[in-house]
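Notes to accompany the following structure.
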Amino acid sequence: QVVLVESGGGSVQAGGSLRLSCAASGRTISNYDMGWFRQTPRKDREFVTAISQSGGSTYYRTSVEGRFTVSRDNAKNTVNLQMNSLKPEDSAVYSCAAITPRSWCSGYGCYDRADDYQYWGQGTQVTVSS
């Protein structure tokens with residue numbers, strides 16, 4: 001069992017930055033690849049980014065590439081999401097999730113299905129005003 005807790009959400013103006021953190025307890029996250037998803041009331045949950053066990057591989061949805069950076073610290077059992085140049089369309093509840101390592105697969109398509117993830121956090125709200 002892995003318990004994930006997100007923090008760092010809040011309200012910012014367009015162009016601003018936020019840093020989300022995902023703290024894990026229970027099992028070490030070094031056993032998992034990790035992902036971030038976001039959801040709004042009008043949209044299905046959508047993939048944002050993923051990072052491999054070692055942190056050596058990262059994947060992003062096109063709309064956030066170049067603005068968001070995912071990282072992990074396995075020693076501290078945390079995953080972080082640095083979000084810069086935020087836009088109103090980035091407003092959503094952001095959740096981190098753990099997935100069995102995709103060592104047999106590479107690319108965005110290995111990580112973008114929410115149903116493949118085993119553990120989820122409760123989410124943190126990000127609101128970007130124009």
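As shown in the structure tokens, the chain order sets the letters A, B, ...; within each chain, residues go from 1, and ligands are also counted from 1 in the order they appear.
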With a distance cut-off of 12 Å and only C-alpha atoms, select the neighbouring residues of Asp116 (chain A), excluding the residue or stretch itself and same-chain residues fewer than 2 positions from it, and output the selection as a short mmCIF file (atom, residue, chain, number, x, y, z; two decimals) with N, CA and C atoms, in the first residue's frame.
data_model
loop_
_atom_site.label_atom_id
_atom_site.label_comp_id
_atom_site.auth_asym_id
_atom_site.auth_seq_id
_atom_site.Cartn_x
_atom_site.Cartn_y
_atom_site.Cartn_z
N ASP A 33 7.06 3.91 -11.11
CA ASP A 33 7.02 5.11 -11.92
C ASP A 33 5.90 5.98 -11.36
N MET A 34 6.01 7.28 -11.56
CA MET A 34 5.02 8.19 -10.98
C MET A 34 4.44 9.10 -12.05
N GLY A 35 3.17 9.44 -11.87
CA GLY A 35 2.53 10.33 -12.82
C GLY A 35 1.75 11.43 -12.12
N PHE A 47 -3.92 13.18 -18.42
CA PHE A 47 -2.50 12.99 -18.12
C PHE A 47 -1.76 14.31 -18.26
N ALA A 97 0.07 9.94 -8.85
CA ALA A 97 -0.32 8.53 -8.88
C ALA A 97 0.91 7.67 -9.10
N ALA A 98 0.84 6.44 -8.63
CA ALA A 98 1.94 5.49 -8.76
C ALA A 98 1.54 4.35 -9.67
N ILE A 99 2.48 3.94 -10.51
CA ILE A 99 2.23 2.88 -11.49
C ILE A 99 3.38 1.90 -11.48
N THR A 100 3.07 0.63 -11.64
CA THR A 100 4.11 -0.39 -11.75
C THR A 100 5.08 0.00 -12.86
N PRO A 101 6.36 -0.08 -12.63
CA PRO A 101 7.35 0.38 -13.61
C PRO A 101 7.11 -0.16 -15.01
N ARG A 102 7.19 0.73 -15.97
CA ARG A 102 6.97 0.42 -17.38
C ARG A 102 8.30 0.15 -18.06
N GLY A 109 2.57 7.18 -24.41
CA GLY A 109 1.45 6.24 -24.41
C GLY A 109 1.51 5.18 -23.34
N CYS A 110 2.67 5.04 -22.70
CA CYS A 110 2.82 4.05 -21.63
C CYS A 110 2.24 4.56 -20.31
N TYR A 111 1.96 5.85 -20.24
CA TYR A 111 1.62 6.46 -18.96
C TYR A 111 0.32 7.25 -18.95
N ASP A 112 -0.36 7.39 -20.07
CA ASP A 112 -1.45 8.35 -20.12
C ASP A 112 -2.83 7.78 -19.78
N ARG A 113 -2.90 6.52 -19.39
CA ARG A 113 -4.19 5.94 -19.02
C ARG A 113 -4.31 5.85 -17.51
N ALA A 114 -5.25 6.60 -16.97
CA ALA A 114 -5.41 6.67 -15.52
C ALA A 114 -5.71 5.30 -14.91
N GLN A 118 -1.96 2.33 -9.90
CA GLN A 118 -2.41 1.54 -8.75
C GLN A 118 -2.79 2.40 -7.54
N TYR A 119 -2.11 3.51 -7.34
CA TYR A 119 -2.34 4.33 -6.14
C TYR A 119 -2.49 5.78 -6.54
N TRP A 120 -3.39 6.47 -5.82
CA TRP A 120 -3.71 7.86 -6.12
C TRP A 120 -3.75 8.70 -4.85
#
Practice problem: Apply DSSP to the structure's backbone, then extract all residues of region 35-124 of chain A labelled strand (DSSP E or B) and return them as a PyMOL selection string. | Solution: chain A and resi 35-39+46-51+58-60+65+68-73+78-83+92-99+119-120+124
With N, CA and C atoms kept, could you save the residues just selected as an mmCIF file, in the first residue's frame?
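Below is the file again21.cif, written as the result:
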data_model
loop_
_atom_site.group_PDB
_atom_site.id
_atom_site.type_symbol
_atom_site.label_atom_id
_atom_site.label_comp_id
_atom_site.auth_asym_id
_atom_site.auth_seq_id
_atom_site.Cartn_x
_atom_site.Cartn_y
_atom_site.Cartn_z
ATOM 1 N N GLY A 35 3.169 9.443 -11.870
ATOM 2 C CA GLY A 35 2.531 10.334 -12.820
ATOM 3 C C GLY A 35 1.746 11.430 -12.116
ATOM 4 N N TRP A 36 1.446 12.479 -12.872
ATOM 5 C CA TRP A 36 0.548 13.545 -12.433
ATOM 6 C C TRP A 36 -0.596 13.637 -13.436
ATOM 7 N N PHE A 37 -1.797 13.751 -12.918
ATOM 8 C CA PHE A 37 -2.991 13.946 -13.723
ATOM 9 C C PHE A 37 -3.726 15.178 -13.202
ATOM 10 N N ARG A 38 -4.627 15.698 -14.023
ATOM 11 C CA ARG A 38 -5.451 16.815 -13.573
ATOM 12 C C ARG A 38 -6.881 16.615 -14.044
ATOM 13 N N GLN A 39 -7.813 17.218 -13.322
ATOM 14 C CA GLN A 39 -9.216 17.052 -13.660
ATOM 15 C C GLN A 39 -9.995 18.310 -13.301
ATOM 16 N N GLU A 46 -7.079 14.005 -17.058
ATOM 17 C CA GLU A 46 -6.132 13.966 -18.163
ATOM 18 C C GLU A 46 -4.699 13.884 -17.661
ATOM 19 N N PHE A 47 -3.918 13.181 -18.421
ATOM 20 C CA PHE A 47 -2.499 12.993 -18.118
ATOM 21 C C PHE A 47 -1.761 14.314 -18.257
ATOM 22 N N VAL A 48 -0.841 14.561 -17.312
ATOM 23 C CA VAL A 48 -0.010 15.763 -17.380
ATOM 24 C C VAL A 48 1.446 15.382 -17.638
ATOM 25 N N THR A 49 1.979 14.505 -16.799
ATOM 26 C CA THR A 49 3.388 14.155 -16.908
ATOM 27 C C THR A 49 3.654 12.863 -16.155
ATOM 28 N N ALA A 50 4.760 12.211 -16.495
ATOM 29 C CA ALA A 50 5.183 11.008 -15.778
ATOM 30 C C ALA A 50 6.695 10.986 -15.702
ATOM 31 N N ILE A 51 7.191 10.265 -14.695
ATOM 32 C CA ILE A 51 8.627 10.149 -14.493
ATOM 33 C C ILE A 51 8.946 8.703 -14.115
ATOM 34 N N THR A 58 11.287 11.244 -18.584
ATOM 35 C CA THR A 58 10.100 12.036 -18.263
ATOM 36 C C THR A 58 9.261 12.222 -19.520
ATOM 37 N N TYR A 59 7.963 12.375 -19.321
ATOM 38 C CA TYR A 59 7.032 12.530 -20.433
ATOM 39 C C TYR A 59 6.006 13.600 -20.058
ATOM 40 N N TYR A 60 5.609 14.394 -21.051
ATOM 41 C CA TYR A 60 4.692 15.497 -20.793
ATOM 42 C C TYR A 60 3.616 15.552 -21.865
ATOM 43 N N GLU A 65 4.481 21.033 -22.023
ATOM 44 C CA GLU A 65 5.904 20.840 -22.291
ATOM 45 C C GLU A 65 6.602 22.197 -22.398
ATOM 46 N N PHE A 68 6.219 22.976 -17.561
ATOM 47 C CA PHE A 68 6.177 22.139 -16.369
ATOM 48 C C PHE A 68 7.410 21.243 -16.328
ATOM 49 N N THR A 69 7.885 20.971 -15.113
ATOM 50 C CA THR A 69 9.015 20.061 -14.924
ATOM 51 C C THR A 69 8.711 19.119 -13.768
ATOM 52 N N VAL A 70 8.772 17.832 -14.052
ATOM 53 C CA VAL A 70 8.560 16.827 -13.010
ATOM 54 C C VAL A 70 9.919 16.336 -12.517
ATOM 55 N N SER A 71 10.003 16.072 -11.219
ATOM 56 C CA SER A 71 11.229 15.541 -10.633
ATOM 57 C C SER A 71 10.861 14.643 -9.457
ATOM 58 N N ARG A 72 11.819 13.891 -9.009
ATOM 59 C CA ARG A 72 11.566 13.017 -7.866
ATOM 60 C C ARG A 72 12.800 12.911 -7.000
ATOM 61 N N ASP A 73 12.570 12.653 -5.713
ATOM 62 C CA ASP A 73 13.642 12.412 -4.757
ATOM 63 C C ASP A 73 13.277 11.122 -4.034
ATOM 64 N N THR A 78 9.444 11.580 -2.370
ATOM 65 C CA THR A 78 8.612 12.664 -2.883
ATOM 66 C C THR A 78 8.766 12.818 -4.401
ATOM 67 N N VAL A 79 7.717 13.344 -4.988
ATOM 68 C CA VAL A 79 7.709 13.710 -6.400
ATOM 69 C C VAL A 79 7.226 15.159 -6.471
ATOM 70 N N ASN A 80 7.853 15.943 -7.308
ATOM 71 C CA ASN A 80 7.511 17.361 -7.408
ATOM 72 C C ASN A 80 7.108 17.727 -8.837
ATOM 73 N N LEU A 81 6.278 18.737 -8.931
ATOM 74 C CA LEU A 81 5.869 19.255 -10.229
ATOM 75 C C LEU A 81 6.011 20.774 -10.186
ATOM 76 N N GLN A 82 7.008 21.279 -10.878
ATOM 77 C CA GLN A 82 7.224 22.719 -10.986
ATOM 78 C C GLN A 82 6.435 23.218 -12.187
ATOM 79 N N MET A 83 5.541 24.164 -11.936
ATOM 80 C CA MET A 83 4.680 24.681 -12.998
ATOM 81 C C MET A 83 4.952 26.161 -13.179
ATOM 82 N N ALA A 92 -7.190 23.251 -12.373
ATOM 83 C CA ALA A 92 -7.717 21.891 -12.205
ATOM 84 C C ALA A 92 -7.317 21.379 -10.826
ATOM 85 N N VAL A 93 -7.837 20.217 -10.495
ATOM 86 C CA VAL A 93 -7.338 19.475 -9.339
ATOM 87 C C VAL A 93 -6.236 18.552 -9.849
ATOM 88 N N TYR A 94 -5.058 18.675 -9.272
ATOM 89 C CA TYR A 94 -3.900 17.893 -9.696
ATOM 90 C C TYR A 94 -3.669 16.759 -8.706
ATOM 91 N N SER A 95 -3.500 15.561 -9.255
ATOM 92 C CA SER A 95 -3.285 14.380 -8.425
ATOM 93 C C SER A 95 -2.038 13.642 -8.880
ATOM 94 N N CYS A 96 -1.303 13.125 -7.918
ATOM 95 C CA CYS A 96 -0.182 12.258 -8.271
ATOM 96 C C CYS A 96 -0.636 10.805 -8.152
ATOM 97 N N ALA A 97 0.069 9.936 -8.845
ATOM 98 C CA ALA A 97 -0.316 8.531 -8.882
ATOM 99 C C ALA A 97 0.914 7.667 -9.104
ATOM 100 N N ALA A 98 0.838 6.437 -8.627
ATOM 101 C CA ALA A 98 1.945 5.493 -8.760
ATOM 102 C C ALA A 98 1.541 4.350 -9.675
ATOM 103 N N ILE A 99 2.480 3.942 -10.511
ATOM 104 C CA ILE A 99 2.228 2.884 -11.493
ATOM 105 C C ILE A 99 3.384 1.896 -11.484
ATOM 106 N N TYR A 119 -2.108 3.512 -7.337
ATOM 107 C CA TYR A 119 -2.338 4.326 -6.138
ATOM 108 C C TYR A 119 -2.493 5.784 -6.536
ATOM 109 N N TRP A 120 -3.389 6.470 -5.821
ATOM 110 C CA TRP A 120 -3.705 7.863 -6.120
ATOM 111 C C TRP A 120 -3.745 8.695 -4.851
ATOM 112 N N THR A 124 -4.826 18.265 -5.242
ATOM 113 C CA THR A 124 -4.683 19.628 -4.745
ATOM 114 C C THR A 124 -5.163 20.587 -5.835
#
Exercise. Counting only C-alpha atoms, figure out which residue out of A:Val64, A:Asn74, A:Ser91, A:Thr40 gets nearest to Arg27 (chain A).
Key: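 Among A:Val64, A:Asn74, A:Ser91, A:Thr40, it is A:Asn74 that comes nearest to Arg27 (chain A).
With CA of Thr127 (chain A) on one side and CA of Val3 (chain A) on the other, the separation reads 24.6 Å.
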Exercise. Point out the residue among A:Ser17, A:Ala23, A:Ser57, A:Ser63 with the least atom-to-atom distance to Cys105 (chain A), counting only C-alpha atoms.
Key: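 Answer, going by the shortest atom-to-atom distance: A:Ser57.
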Quiz item: Given the choices A:Gly123, A:Gln1, A:Gly26, A:Glu89, which gets closest to Gln13 (chain A) if the distance is worked out from only C-alpha atoms?
Solution: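 Ranking A:Gly123, A:Gln1, A:Gly26, A:Glu89 by distance to Gln13 (chain A), first place goes to A:Glu89.
In this comparison, which uses only C-alpha atoms, the residue of A:Gly55, A:Gly121, A:Gly10, A:Gly107 approaching Tyr32 (chain A) most closely is A:Gly55.
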